[in-house]
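Scroll down for the structure; my scribbles are underneath it.
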Amino acid sequence: MIRFLTAGESHGKELVGILEGIPANMDIDLDFINNELKRRQKGYGRSERMSMEKDDMVILSGINKGKTTGNPISFKIKNRGYLEVLGKINRPRPGHGDLSGAIKYNQKDDVRNVLERASARETAARVGVGSICKVLLKNLDIEIYSHVIQIGGIESSKSIYNKGNIEDIKNADHSIIRVVDSIAEEKIIKKIRKTKEKGDTLGGTIELIGVNIPVGLGSYVSWDRRLDGKIGQSMMSIPGIKAVEIGNGLESGKSYGSEIHDEIFYEKNYFRKTNNAGGIEAGVSNGEDIIVRCTMKPIPTLKKPLKSIDMNTKKTSLAQVERSDVLAVPSASIVAENMLAYILAEEIMLKFGGDSIEELKKNYKLSI
Ligand SMILES: Cc1cc2nc3c(=O)[nH]c(=O)nc-3n(C[C@H](O)[C@H](O)[C@H](O)COP(=O)(O)O)c2cc1C
Ligand SMILES: C=C(O[C@@H]1CC(C(=O)O)=C[C@@H](OP(=O)(O)O)[C@H]1O)C(=O)O
């Protein structure tokens, strides 16, 4: 069984992660992990904080001479934003965790402790965890890719949900956004710039694809073992993600069954000519690519703030203005890839098992 925990605050000393259940003897390439961390920091529209932070992983345990040992892996990622002068916050930002967190944890005098953890800075540690899971999946030739498909209503890349061409996505550059053409790219950048000038923010939609997925991950036997349910929760756990779609989920409600269900064929193996199900039926992977789309709402911190209440005086006021991203959709895309990697690695270990990578590979080969 794989499980993980993260700890750390946005402006605390460090973020830490503990990941248990990764088999022994797996080669860990730290450059690959640090590149994943770097990919999460890219994206036009992010704040100055991203040029301050240079995320890299310091391994504390569970990896020796570049190989996993089977022991829990722990690591840290330094916060260069540590010790910044941070003022009190008592005018909660609509859309952030400020108000509900202040009431829940009785932090009404200063909301700072709430947003320190609600902040998406924590997702750096999740990418640390997910990138180790990606290495596990790569050992079985399973890969995960993602791209941004729209920002603020402007299409940036074509959805590939139905047997589309994934070659473009494999090389998607999240430094800005993967765009259909340079005109769309120009339009999007202009929109982000204008939005920033107006003191406003944006969201968008991302798409993930998992390839070379074996049949049988997840299960229908109990509600909490369904793979689509697990993926849904992992995606919804990313700050800002407000909708998750598997395959052609949204359109399916407007279609006839004859239009949406993927007919079954056989030629040496079972296969489908369409993939509206996004690779999952009855909570079980069916061997087709896993396709997930997620929509992120606009960033809650607005330079031109919305109405709020001063929690000291209870008078109408304007929400607190903090340094903030205008858009973080490309970064969320990398977080989502890594959360999907975690869920798939967890399911792989549940189904095939193995205390060493050799054992896992042997079990896997025998079963598929
Ligand atoms: C990579 C990333 C960066 C983010 N940056 C900011 C930010 O700079 N300012 C902000 O207000 N929200 C930011 N968010 C979104 C908030 O963290 C999120 O909206 C908030 O925690 C409330 O959670 P919810 O949107 O899931 O309800 C970011 C999210 C992600 C994934
Ligand atoms: C630090 C990160 O994202 C942060 C997420 C975030 C939020 O409210 O979620 C607010 C901003 O932090 P700060 O208040 O320091 O400017 C973002 O920069 C990161 O992604 O590494």
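FYI, nothing fancy with the structure tokens labels: chains A, B, ... in order, residues from 1 per chain, ligands from 1 as they appear.
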
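Every residue having at least one atom no farther than 8 Å from ligand 2 is included below, with only C-alpha atoms and all ligand atoms taken into account: Ser10, His11, Arg40, Gln41, Arg46, Ser47, Glu48, Arg49, Met50, Glu53, Gly81, His96, Leu115, Glu116, Ala118, Ser119, Ala120, Arg121, Glu122, Thr123, Ala124, Pro239, Pro300, Thr301, Glu322, Arg323, Ser324, Asp325 and Ser331 of chain A.
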
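Around Glu20 (chain A), within 8 Å and counting only C-alpha atoms, the residues found are Met1, Ile2, Arg3, Phe4, Asn71, Pro72 and Ile73 of chain A, once anything fewer than 6 positions away on its own chain is removed.
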
Output N, CA and C atoms for every residue in the selection just made, as an mmCIF file, in the first residue's frame.
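Here's the written file again_33.cif:
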data_model
loop_
_atom_site.group_PDB
_atom_site.id
_atom_site.type_symbol
_atom_site.label_atom_id
_atom_site.label_comp_id
_atom_site.auth_asym_id
_atom_site.auth_seq_id
_atom_site.Cartn_x
_atom_site.Cartn_y
_atom_site.Cartn_z
ATOM 1 N N MET A 1 0.834 -1.202 0.000
ATOM 2 C CA MET A 1 0.000 0.000 0.000
ATOM 3 C C MET A 1 0.869 1.252 0.000
ATOM 4 N N ILE A 2 0.521 2.199 -0.872
ATOM 5 C CA ILE A 2 1.265 3.462 -0.881
ATOM 6 C C ILE A 2 0.456 4.507 -0.135
ATOM 7 N N ARG A 3 1.112 5.350 0.625
ATOM 8 C CA ARG A 3 0.429 6.498 1.224
ATOM 9 C C ARG A 3 1.428 7.627 1.391
ATOM 10 N N PHE A 4 0.898 8.850 1.492
ATOM 11 C CA PHE A 4 1.816 9.973 1.692
ATOM 12 C C PHE A 4 1.194 11.045 2.558
ATOM 13 N N ASN A 71 12.196 1.562 2.491
ATOM 14 C CA ASN A 71 11.820 2.324 3.697
ATOM 15 C C ASN A 71 11.020 3.562 3.279
ATOM 16 N N PRO A 72 10.269 4.150 4.216
ATOM 17 C CA PRO A 72 9.557 5.369 3.853
ATOM 18 C C PRO A 72 10.525 6.421 3.294
ATOM 19 N N ILE A 73 10.130 7.049 2.215
ATOM 20 C CA ILE A 73 10.966 8.094 1.610
ATOM 21 C C ILE A 73 10.534 9.419 2.228
#

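Within the 9 Å cut-off around region 255-260 of chain A, using only C-alpha atoms and omitting residues fewer than 5 positions from it on the same chain, the listed residues are Asn248, Thr274, Asn275, Asn276 and Ala277 of chain A.
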
Selection to disk with C-alpha atoms, as a PDB file, in the first residue's frame:
ATOM      1  CA  ASN A 248     -16.462  12.587 -22.503  1.00  0.00           C
ATOM      2  CA  THR A 274     -13.564   5.357 -29.454  1.00  0.00           C
ATOM      3  CA  ASN A 275     -12.738   6.299 -25.869  1.00  0.00           C
ATOM      4  CA  ASN A 276     -15.657   8.327 -24.543  1.00  0.00           C
ATOM      5  CA  ALA A 277     -15.333   6.441 -21.249  1.00  0.00           C
TER       6      ALA A 277
END

What residues in region 108-318 of chain A get the DSSP label helix (DSSP H, G or I)? Please answer as a ChimeraX atom specification.
/A:112-118,120-138,167-170,182-197,223-225,227-236,249-252,257-260

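Of the residues listed (A:Met236, A:Leu19, A:Ile309, A:Val58), A:Met236 shows the shortest atom-to-atom separation from ligand 1; distances use only C-alpha atoms and all ligand atoms.
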
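Omitting Gln107 (chain A) and its sequence neighbours fewer than 6 positions away, and counting only C-alpha atoms, the residues within 12 Å are Lys88, Ile89, Asn90, Pro92, Gly97, Asp98, Leu99, Ser100, Gly101, Asn113, Val114, Leu115, Met311 and Asn312 of chain A.
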
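When DSSP reads the backbone of this structure, the residues of region 93-221 of chain A it assigns to strand (DSSP E) are Glu143, Ile144, Tyr145, Ser146, His147, Val148, Ile149, Gln150, Ile151, Ile154, Glu155, Gly204, Thr205, Ile206, Glu207, Leu208, Ile209, Gly210 and Val211 of chain A.
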
Which of these residues is nearest to Ser219 (chain A), using only C-alpha atoms: A:Ile280, A:Ile188, A:Ile206, A:Val244?
A:Ile280

All residues 6 Å or closer to Tyr145 (chain A), only C-alpha atoms, same chain fewer than 5 positions away omitted, as number ranges by chain:
A: 170, 208-209

Selected residues, N, CA and C atoms, written as a PDB file, in the first residue's frame, please.
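Now in result.pdb:
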ATOM      1  N   LYS A 170       2.754  15.255 -25.651  1.00  0.00           N
ATOM      2  CA  LYS A 170       3.959  14.692 -25.047  1.00  0.00           C
ATOM      3  C   LYS A 170       5.019  15.767 -24.875  1.00  0.00           C
ATOM      4  N   LEU A 208      -5.537  15.677 -18.963  1.00  0.00           N
ATOM      5  CA  LEU A 208      -4.468  14.720 -18.649  1.00  0.00           C
ATOM      6  C   LEU A 208      -4.713  13.440 -19.424  1.00  0.00           C
ATOM      7  N   ILE A 209      -3.639  12.789 -19.774  1.00  0.00           N
ATOM      8  CA  ILE A 209      -3.787  11.484 -20.427  1.00  0.00           C
ATOM      9  C   ILE A 209      -2.777  10.509 -19.813  1.00  0.00           C
TER      10      ILE A 209
END

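Relative to CA of Met296 (chain A), CA of Gly232 (chain A) is found at 13.6 Å.
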
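In this model, the gap between CA of Pro23 (chain A) and CA of Lys230 (chain A) comes to 21.7 Å.
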
Ranking A:Pro214, A:Gly279, A:Gly229, A:Gly249 by minimum distance to Phe352 (chain A) and counting only C-alpha atoms, which one comes first?
A:Pro214

Which value, in Å to one decimal, gives the distance between CA of Gly12 (chain A) and CA of Met57 (chain A)?
16.0 Å
